Structures are given as structure tokens and as C-alpha cells.
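**Q** To be precise about what I am sending: the file is called entry-v7.cif and holds mmCIF, C-alpha atoms.
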data_input
#
loop_
_atom_site.group_PDB
_atom_site.id
_atom_site.type_symbol
_atom_site.label_atom_id
_atom_site.label_comp_id
_atom_site.auth_asym_id
_atom_site.auth_seq_id
_atom_site.Cartn_x
_atom_site.Cartn_y
_atom_site.Cartn_z
ATOM 1 C CA ALA A 9 1.730 -12.072 27.581
ATOM 2 C CA ARG A 10 2.795 -8.431 28.102
ATOM 3 C CA ARG A 11 0.903 -7.232 25.039
ATOM 4 C CA ARG A 12 -2.243 -9.008 26.185
ATOM 5 C CA GLU A 13 -1.905 -7.332 29.588
ATOM 6 C CA ILE A 14 -1.075 -3.836 28.311
ATOM 7 C CA LEU A 15 -2.847 -3.631 24.933
ATOM 8 C CA GLY A 16 -5.573 -6.254 25.282
ATOM 9 C CA GLU A 17 -6.460 -9.444 23.382
ATOM 10 C CA ASP A 18 -7.799 -7.673 20.295
ATOM 11 C CA HIS A 19 -5.079 -5.100 19.668
ATOM 12 C CA PRO A 20 -3.437 -5.538 16.232
ATOM 13 C CA ASP A 21 0.030 -5.836 17.809
ATOM 14 C CA THR A 22 -1.182 -8.542 20.188
ATOM 15 C CA LEU A 23 -2.753 -10.496 17.337
ATOM 16 C CA ARG A 24 0.348 -10.073 15.167
ATOM 17 C CA THR A 25 2.563 -11.352 17.989
ATOM 18 C CA ALA A 26 0.280 -14.342 18.548
ATOM 19 C CA GLY A 27 0.436 -15.103 14.823
ATOM 20 C CA ASN A 28 4.235 -14.873 14.856
ATOM 21 C CA LEU A 29 4.403 -17.212 17.841
ATOM 22 C CA ALA A 30 2.126 -19.660 16.015
ATOM 23 C CA SER A 31 4.425 -19.548 12.989
ATOM 24 C CA THR A 32 7.419 -20.291 15.211
ATOM 25 C CA LEU A 33 5.594 -23.177 16.861
ATOM 26 C CA ARG A 34 4.671 -24.576 13.423
ATOM 27 C CA SER A 35 8.316 -24.341 12.335
ATOM 28 C CA MET A 36 9.299 -26.240 15.485
ATOM 29 C CA GLY A 37 6.752 -28.963 14.730
ATOM 30 C CA ASP A 38 4.399 -28.098 17.596
ATOM 31 C CA TYR A 39 1.348 -28.156 15.338
ATOM 32 C CA PRO A 40 -1.344 -28.499 18.039
ATOM 33 C CA ALA A 41 -0.113 -25.371 19.843
ATOM 34 C CA ALA A 42 0.236 -23.476 16.553
ATOM 35 C CA ARG A 43 -3.260 -24.521 15.515
ATOM 36 C CA SER A 44 -4.773 -23.406 18.799
ATOM 37 C CA LEU A 45 -3.141 -19.965 18.588
ATOM 38 C CA GLU A 46 -4.055 -19.519 14.908
ATOM 39 C CA GLU A 47 -7.666 -20.495 15.504
ATOM 40 C CA GLY A 48 -7.884 -17.869 18.248
ATOM 41 C CA VAL A 49 -6.269 -15.166 16.129
ATOM 42 C CA LEU A 50 -8.481 -16.035 13.162
ATOM 43 C CA ALA A 51 -11.656 -15.864 15.234
ATOM 44 C CA ARG A 52 -10.697 -12.438 16.603
ATOM 45 C CA ARG A 53 -9.645 -11.089 13.224
ATOM 46 C CA ARG A 54 -12.868 -12.282 11.610
ATOM 47 C CA GLU A 55 -14.852 -10.541 14.344
ATOM 48 C CA ILE A 56 -12.842 -7.299 14.291
ATOM 49 C CA LEU A 57 -11.737 -6.959 10.655
ATOM 50 C CA GLY A 58 -14.203 -9.147 8.780
ATOM 51 C CA GLU A 59 -13.790 -12.243 6.589
ATOM 52 C CA ASP A 60 -12.204 -10.411 3.650
ATOM 53 C CA HIS A 61 -9.526 -8.292 5.321
ATOM 54 C CA PRO A 62 -6.001 -9.176 4.113
ATOM 55 C CA ASP A 63 -4.859 -9.869 7.704
ATOM 56 C CA THR A 64 -7.788 -12.263 8.184
ATOM 57 C CA LEU A 65 -7.001 -14.010 4.903
ATOM 58 C CA ARG A 66 -3.323 -14.313 5.826
ATOM 59 C CA THR A 67 -4.228 -15.813 9.206
ATOM 60 C CA ALA A 68 -6.637 -18.281 7.574
ATOM 61 C CA GLY A 69 -3.898 -19.245 5.117
ATOM 62 C CA ASN A 70 -1.472 -19.819 7.984
ATOM 63 C CA LEU A 71 -4.008 -22.005 9.774
ATOM 64 C CA ALA A 72 -4.509 -23.982 6.553
ATOM 65 C CA SER A 73 -0.731 -24.526 6.387
ATOM 66 C CA THR A 74 -0.748 -25.837 9.941
ATOM 67 C CA LEU A 75 -3.663 -28.179 9.179
ATOM 68 C CA TRP A 76 -1.779 -29.362 6.083
ATOM 69 C CA SER A 77 1.333 -30.005 8.186
ATOM 70 C CA MET A 78 -0.807 -31.988 10.634
ATOM 71 C CA GLY A 79 -2.081 -34.178 7.783
ATOM 72 C CA ASP A 80 -5.648 -32.864 8.006
ATOM 73 C CA TYR A 81 -5.832 -32.415 4.248
ATOM 74 C CA PRO A 82 -9.624 -32.076 3.900
ATOM 75 C CA ALA A 83 -9.781 -29.273 6.482
ATOM 76 C CA ALA A 84 -6.713 -27.579 4.977
ATOM 77 C CA ARG A 85 -8.203 -27.822 1.494
ATOM 78 C CA GLY A 86 -11.566 -26.376 2.507
ATOM 79 C CA LEU A 87 -9.963 -23.449 4.290
ATOM 80 C CA ILE A 88 -7.376 -22.677 1.604
ATOM 81 C CA GLU A 89 -9.988 -22.884 -1.172
ATOM 82 C CA ASP A 90 -12.051 -20.281 0.683
ATOM 83 C CA VAL A 91 -8.981 -18.072 1.159
ATOM 84 C CA LEU A 92 -8.123 -18.393 -2.534
ATOM 85 C CA ALA A 93 -11.639 -17.460 -3.649
ATOM 86 C CA ARG A 94 -11.608 -14.384 -1.401
ATOM 87 C CA SER A 95 -8.066 -13.428 -2.448
ATOM 88 C CA LEU A 96 -8.978 -13.654 -6.119
ATOM 89 C CA GLU A 97 -11.983 -11.425 -5.550
ATOM 90 C CA ILE A 98 -10.277 -8.863 -3.292
ATOM 91 C CA LEU A 99 -6.623 -8.843 -4.338
ATOM 92 C CA GLY A 100 -6.799 -10.203 -7.888
ATOM 93 C CA GLN A 101 -5.139 -13.189 -9.509
ATOM 94 C CA ASP A 102 -1.722 -11.562 -9.854
ATOM 95 C CA HIS A 103 -1.236 -10.362 -6.275
ATOM 96 C CA PRO A 104 1.718 -12.072 -4.538
ATOM 97 C CA ASP A 105 -0.518 -13.167 -1.634
ATOM 98 C CA THR A 106 -2.958 -14.764 -4.085
ATOM 99 C CA LEU A 107 -0.100 -16.587 -5.814
ATOM 100 C CA THR A 108 1.144 -17.895 -2.454
ATOM 101 C CA VAL A 109 -2.327 -19.150 -1.543
ATOM 102 C CA ALA A 110 -2.716 -20.852 -4.939
ATOM 103 C CA ALA A 111 0.700 -22.508 -4.540
ATOM 104 C CA ASN A 112 -0.325 -23.763 -1.089
ATOM 105 C CA LEU A 113 -3.574 -25.168 -2.476
ATOM 106 C CA ALA A 114 -1.551 -26.967 -5.148
ATOM 107 C CA GLY A 115 0.560 -28.476 -2.371
ATOM 108 C CA VAL A 116 -2.506 -29.655 -0.481
ATOM 109 C CA LEU A 117 -3.984 -31.150 -3.650
ATOM 110 C CA GLY A 118 -0.704 -32.947 -4.301
ATOM 111 C CA SER A 119 -0.690 -34.294 -0.746
ATOM 112 C CA MET A 120 -4.191 -35.635 -1.382
ATOM 113 C CA GLY A 121 -2.959 -37.391 -4.537
ATOM 114 C CA ASP A 122 -4.782 -35.113 -6.994
ATOM 115 C CA TYR A 123 -1.656 -34.556 -9.084
ATOM 116 C CA PRO A 124 -3.370 -33.308 -12.269
ATOM 117 C CA ALA A 125 -5.192 -30.541 -10.360
ATOM 118 C CA ALA A 126 -2.032 -29.697 -8.418
ATOM 119 C CA ARG A 127 -0.035 -29.538 -11.647
ATOM 120 C CA GLY A 128 -2.501 -27.235 -13.375
ATOM 121 C CA LEU A 129 -2.585 -24.873 -10.435
ATOM 122 C CA ILE A 130 1.175 -24.722 -9.867
ATOM 123 C CA GLU A 131 1.823 -24.273 -13.599
ATOM 124 C CA ASP A 132 -0.460 -21.233 -13.498
ATOM 125 C CA VAL A 133 1.319 -19.919 -10.391
ATOM 126 C CA LEU A 134 4.692 -20.366 -12.091
ATOM 127 C CA ALA A 135 3.561 -18.599 -15.280
ATOM 128 C CA ARG A 136 2.157 -15.648 -13.320
ATOM 129 C CA SER A 137 5.217 -15.490 -11.058
ATOM 130 C CA LEU A 138 7.524 -15.394 -14.064
ATOM 131 C CA GLU A 139 5.513 -12.550 -15.564
ATOM 132 C CA ILE A 140 5.022 -10.521 -12.382
ATOM 133 C CA LEU A 141 8.045 -11.278 -10.207
ATOM 134 C CA GLY A 142 10.649 -12.374 -12.760
ATOM 135 C CA GLU A 143 12.603 -15.591 -13.150
ATOM 136 C CA ASP A 144 15.015 -14.965 -10.273
ATOM 137 C CA HIS A 145 12.496 -14.089 -7.548
ATOM 138 C CA PRO A 146 12.498 -16.593 -4.654
ATOM 139 C CA ASP A 147 8.746 -17.205 -5.044
ATOM 140 C CA THR A 148 9.186 -17.962 -8.748
ATOM 141 C CA LEU A 149 11.990 -20.403 -8.034
ATOM 142 C CA ARG A 150 9.903 -22.024 -5.286
ATOM 143 C CA ALA A 151 6.999 -22.423 -7.735
ATOM 144 C CA ALA A 152 9.319 -24.066 -10.268
ATOM 145 C CA GLU A 153 10.652 -26.376 -7.580
ATOM 146 C CA ASN A 154 7.100 -27.272 -6.488
ATOM 147 C CA LEU A 155 6.118 -28.009 -10.080
ATOM 148 C CA ALA A 156 9.163 -30.274 -10.350
ATOM 149 C CA VAL A 157 8.003 -32.190 -7.271
ATOM 150 C CA THR A 158 4.545 -32.643 -8.792
ATOM 151 C CA LEU A 159 5.962 -33.743 -12.146
ATOM 152 C CA ARG A 160 8.186 -36.256 -10.407
ATOM 153 C CA LEU A 161 5.233 -37.659 -8.461
ATOM 154 C CA MET A 162 3.401 -38.008 -11.779
ATOM 155 C CA GLY A 163 6.356 -39.971 -13.184
ATOM 156 C CA ASP A 164 7.597 -37.267 -15.583
ATOM 157 C CA TYR A 165 11.204 -37.500 -14.424
ATOM 158 C CA PRO A 166 12.845 -35.748 -17.401
ATOM 159 C CA ALA A 167 10.645 -32.641 -17.043
ATOM 160 C CA ALA A 168 11.085 -32.617 -13.262
ATOM 161 C CA ARG A 169 14.861 -32.948 -13.568
ATOM 162 C CA GLY A 170 15.002 -30.183 -16.180
ATOM 163 C CA LEU A 171 13.108 -27.776 -13.934
ATOM 164 C CA ASN A 172 15.287 -28.624 -10.953
ATOM 165 C CA GLU A 173 18.413 -28.036 -13.038
ATOM 166 C CA GLU A 174 17.097 -24.599 -14.077
ATOM 167 C CA VAL A 175 16.354 -23.738 -10.456
ATOM 168 C CA LEU A 176 19.815 -24.915 -9.401
ATOM 169 C CA ALA A 177 21.508 -22.774 -12.068
ATOM 170 C CA ARG A 178 19.615 -19.650 -10.977
ATOM 171 C CA ARG A 179 20.203 -20.298 -7.280
ATOM 172 C CA LEU A 180 23.914 -20.853 -7.835
ATOM 173 C CA GLU A 181 24.100 -17.530 -9.665
ATOM 174 C CA ILE A 182 22.000 -15.592 -7.162
ATOM 175 C CA LEU A 183 22.648 -17.261 -3.809
ATOM 176 C CA GLY A 184 25.914 -19.141 -4.257
ATOM 177 C CA GLN A 185 26.698 -22.797 -3.708
ATOM 178 C CA ASP A 186 26.491 -22.795 0.095
ATOM 179 C CA HIS A 187 23.060 -21.211 0.562
ATOM 180 C CA PRO A 188 20.537 -23.635 2.139
ATOM 181 C CA ASP A 189 18.141 -23.277 -0.831
ATOM 182 C CA THR A 190 20.933 -24.168 -3.258
ATOM 183 C CA VAL A 191 21.922 -27.149 -1.128
ATOM 184 C CA ALA A 192 18.287 -28.305 -0.995
ATOM 185 C CA ILE A 193 17.866 -28.294 -4.785
ATOM 186 C CA ARG A 194 21.194 -30.120 -5.186
ATOM 187 C CA ARG A 195 19.920 -32.747 -2.776
ATOM 188 C CA ALA A 196 16.686 -33.082 -4.771
ATOM 189 C CA LEU A 197 18.672 -33.629 -7.972
ATOM 190 C CA ALA A 198 20.943 -36.160 -6.272
ATOM 191 C CA ASN A 199 17.907 -38.226 -5.269
ATOM 192 C CA TYR A 200 16.879 -39.060 -8.824
ATOM 193 C CA PRO A 201 17.378 -42.760 -9.541
ATOM 194 C CA PRO A 202 20.253 -43.454 -11.954
ATOM 195 C CA ASP A 203 17.915 -44.876 -14.605
ATOM 196 C CA ASP A 204 16.105 -41.512 -14.770
ATOM 197 C CA LEU A 205 19.214 -39.640 -15.923
#
Turn the structure described in the file into C-alpha cells.

**A**
Amino acid sequence: ARRREILGEDHPDTLRTAGNLASTLRSMGDYPAARSLEEGVLARRREILGEDHPDTLRTAGNLASTLWSMGDYPAARGLIEDVLARSLEILGQDHPDTLTVAANLAGVLGSMGDYPAARGLIEDVLARSLEILGEDHPDTLRAAENLAVTLRLMGDYPAARGLNEEVLARRLEILGQDHPDTVAIRRALANYPPDDL
């Protein structure tokens, strides 16, 4: 409110603050409020910075995440596919932002039940993350975890379990046993049915 009053609606700091508030609202589960803010920020960034500016792409990706969280998979998919195409063209296939967008598209595809497409995309993200970021980077571990989820949904329990075990080993080494990410992967492993062991 103060930035709007002092700096104006279109100032980069005002837009950044609105985007941060939208992210907080999304984390709290207030998706309609997050969506409304993100749509406003995206419209202003498109007008001021253009469709292809990294800040515009990031905002569009955030809006796609909110739509995904709301269960509006077709809208999320359309938006994230556009962001991915622009990111590939502007940033290149190996840029961390491009990898994040591709991972999010894989998640949307998985939510829509298109597991083969989701698997292909997240396998590519994992391979590139390993090469660019290394095996211990949080984004690489997240990609491995996401691939494990997809493999499990496809019924490939041994491969999914193996990936989760690798992620657990690295997180134990890097983060320790009490870190929330370590606890989460332990929980995922504990949820495998006994006959899948």
C-alpha cells in the first residue's frame, strides 16, 4: 500500500512487492487472492517490460503455479507452455529458470494424467540439472524426487523407490536427518506398500 502511494502502481519495487505478497498468499492457500494479484502484476509487466522480459516470464510462471494449485490444469498448461517456449528462446535450455519452468510443466502434465509426457520432460530436467547444477543442488534433488513421483504413478515402484533412496542419502549428507526436506523424503519412502519393497 505504501509503495503504491509513494512509488506508483508500475514501479518495479511495487510490482515486486505485489508478486511477493501473491507468493505468500499462494503458500497460505489463498489461491483466488494470489491469482488476482498475479494477474495484475503480469498485465503491468507485459505492458511495461514486454512479453519476453525475464520478470514477465517469472510472473507468468508464478501465475501458472497458482492456476495449477487451483486445479485449473488447462489454463496452467497453456500459460506454462508459453513461458517455456519463450524461456527456451531467450534464456536457453540450460538456464535455471528454464529448468524450473520445464519441471513445473512436467508437474502440470502429471496432474492431467499425461504421465509419459511428464516423465520425458522431468527426465530431461534431471539430466540437465545434474550436468549444470551438480547432484547435490536442491533443484537437482527436487527433480529426482519429482521423477520418482511420476514413476510411482506409472507403477514403476522399484525405480521410484531407488530414486527416493538416492535423494534421501544425499539429503542426509547435506542437510542432516532433521531438515524438513529430509523428513519429507523419508515420509515418501515410508508410504510405499510393503509388497513393493

**Q** So, with only C-alpha atoms as the atoms that count, which of A:Ala151, A:Ala9, A:Ile130, A:Leu87 lies closest to Glu47 in chain A?

**A**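 For Glu47 in chain A, the nearest of the candidates is A:Leu87.
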
**Q** If the PyMOL selection byres ((chain A and resi 177) around 12) were run on this exact file, what residues would it hold? Put them as a VMD selection string.

**A** chain A and resid 143 to 144 149 170 to 176 178 to 185 189 to 191 193 to 194 197

**Q** Looking at only C-alpha atoms, which of A:Ala68, A:Asp21, A:Val116, A:Ile98 is the one that sits closest to Asp80 in chain A?

**A**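 Among the listed residues, the smallest separation from Asp80 in chain A belongs to A:Val116.
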
**Q** Kindly indicate which residue among A:Pro124, A:Val109, A:Ser73, A:Ala83 lies nearest to Gly163 in chain A, using all atoms listed in the file for the distances.

**A**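 Of the candidates, the smallest distance to Gly163 in chain A is held by A:Pro124.
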
**Q** To verify the selection step, state as an mmCIF file with C-alpha atoms, keeping the file's coordinate frame which residues the PyMOL selection byres ((chain A and resi 200) around 12) yields on this input.

**A**
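Written output follows (selection37.cif):
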data_model
loop_
_atom_site.group_PDB
_atom_site.id
_atom_site.type_symbol
_atom_site.label_atom_id
_atom_site.label_comp_id
_atom_site.auth_asym_id
_atom_site.auth_seq_id
_atom_site.Cartn_x
_atom_site.Cartn_y
_atom_site.Cartn_z
ATOM 1 C CA ALA A 156 9.163 -30.274 -10.350
ATOM 2 C CA VAL A 157 8.003 -32.190 -7.271
ATOM 3 C CA ARG A 160 8.186 -36.256 -10.407
ATOM 4 C CA LEU A 161 5.233 -37.659 -8.461
ATOM 5 C CA GLY A 163 6.356 -39.971 -13.184
ATOM 6 C CA ASP A 164 7.597 -37.267 -15.583
ATOM 7 C CA TYR A 165 11.204 -37.500 -14.424
ATOM 8 C CA PRO A 166 12.845 -35.748 -17.401
ATOM 9 C CA ALA A 168 11.085 -32.617 -13.262
ATOM 10 C CA ARG A 169 14.861 -32.948 -13.568
ATOM 11 C CA GLY A 170 15.002 -30.183 -16.180
ATOM 12 C CA ASN A 172 15.287 -28.624 -10.953
ATOM 13 C CA GLU A 173 18.413 -28.036 -13.038
ATOM 14 C CA ILE A 193 17.866 -28.294 -4.785
ATOM 15 C CA ARG A 194 21.194 -30.120 -5.186
ATOM 16 C CA ARG A 195 19.920 -32.747 -2.776
ATOM 17 C CA ALA A 196 16.686 -33.082 -4.771
ATOM 18 C CA LEU A 197 18.672 -33.629 -7.972
ATOM 19 C CA ALA A 198 20.943 -36.160 -6.272
ATOM 20 C CA ASN A 199 17.907 -38.226 -5.269
ATOM 21 C CA PRO A 201 17.378 -42.760 -9.541
ATOM 22 C CA PRO A 202 20.253 -43.454 -11.954
ATOM 23 C CA ASP A 203 17.915 -44.876 -14.605
ATOM 24 C CA ASP A 204 16.105 -41.512 -14.770
ATOM 25 C CA LEU A 205 19.214 -39.640 -15.923
#

**Q** Mind telling me what the PyMOL selection byres ((chain A and resi 135) around 12) catches here, as number ranges by chain?

**A** A: 101-102, 107, 111, 128-134, 136-143, 147-149, 151-152, 155

**Q** How close does each residue of range 80-158 of chain A get to range 53-65 of chain A, giving the shortest atom pair and distance in Å to one decimal for every residue with an atom at most 9 Å away, counting all atoms listed in the file, sorted by chain and residue number, as CSV?

**A**
residue,atom,partner,partner_atom,distance
A:Val91,CA,A:Leu65,CA,5.9
A:Leu92,CA,A:Leu65,CA,8.7
A:Arg94,CA,A:Asp60,CA,6.5
A:Ser95,CA,A:Leu65,CA,7.5
A:Ile98,CA,A:Asp60,CA,7.4
A:Leu99,CA,A:Pro62,CA,8.5
A:Asp105,CA,A:Pro62,CA,8.9

**Q** As an exercise, work out the distance from CA of Ile88 in chain A to CA of Ala72 in chain A in Å and give it to one decimal place.

**A**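 Taking CA of Ile88 in chain A as the start and CA of Ala72 in chain A as the end point, the length is 5.9 Å.
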
**Q** Rank A:Arg10, A:Arg85, A:Thr67, A:Thr74 by their smallest atom-to-atom distance to Asp38 in chain A, using all atoms listed in the file, and report the top residue only.

**A** A:Thr74

**Q** One number please: CA of Pro104 in chain A to CA of Asp90 in chain A, in Å, one decimal.

**A** 16.9 Å

**Q** I'd like the contact shell of Gly115 in chain A - 9 Å cut-off, only C-alpha atoms, skipping same-chain residues fewer than 2 positions apart - returned as a PDB file with C-alpha atoms, in the coordinates of the input.

**A**
ATOM      1  CA  TRP A  76      -1.779 -29.362   6.083  1.00  0.00           C
ATOM      2  CA  ALA A 110      -2.716 -20.852  -4.939  1.00  0.00           C
ATOM      3  CA  ALA A 111       0.700 -22.508  -4.540  1.00  0.00           C
ATOM      4  CA  ASN A 112      -0.325 -23.763  -1.089  1.00  0.00           C
ATOM      5  CA  LEU A 113      -3.574 -25.168  -2.476  1.00  0.00           C
ATOM      6  CA  LEU A 117      -3.984 -31.150  -3.650  1.00  0.00           C
ATOM      7  CA  GLY A 118      -0.704 -32.947  -4.301  1.00  0.00           C
ATOM      8  CA  SER A 119      -0.690 -34.294  -0.746  1.00  0.00           C
ATOM      9  CA  MET A 120      -4.191 -35.635  -1.382  1.00  0.00           C
ATOM     10  CA  ALA A 126      -2.032 -29.697  -8.418  1.00  0.00           C
ATOM     11  CA  ILE A 130       1.175 -24.722  -9.867  1.00  0.00           C
ATOM     12  CA  ASN A 154       7.100 -27.272  -6.488  1.00  0.00           C
ATOM     13  CA  THR A 158       4.545 -32.643  -8.792  1.00  0.00           C
TER      14      THR A 158
END

**Q** Draw an axis-aligned box tight on the listed atoms of range 107-112 of chain A, then pad every side by 8 Å and write out centre and edge lengths in Å to one decimal as lines of an AutoDock Vina configuration file.

**A**
center_x = -0.8
center_y = -20.2
center_z = -3.5
size_x = 19.9
size_y = 23.2
size_z = 20.7

**Q** May I ask for the distance between CA of Arg24 in chain A and CA of Arg11 in chain A, given in Å to one decimal place?

**A** 10.3 Å

**Q** For each of A:Ala192, A:Leu45, A:Leu15, A:Ala125, take the minimum atom-to-atom distance to Met162 in chain A, counting only C-alpha atoms, then give the residue where this is smallest.

**A**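 For Met162 in chain A, the nearest of the candidates is A:Ala125.
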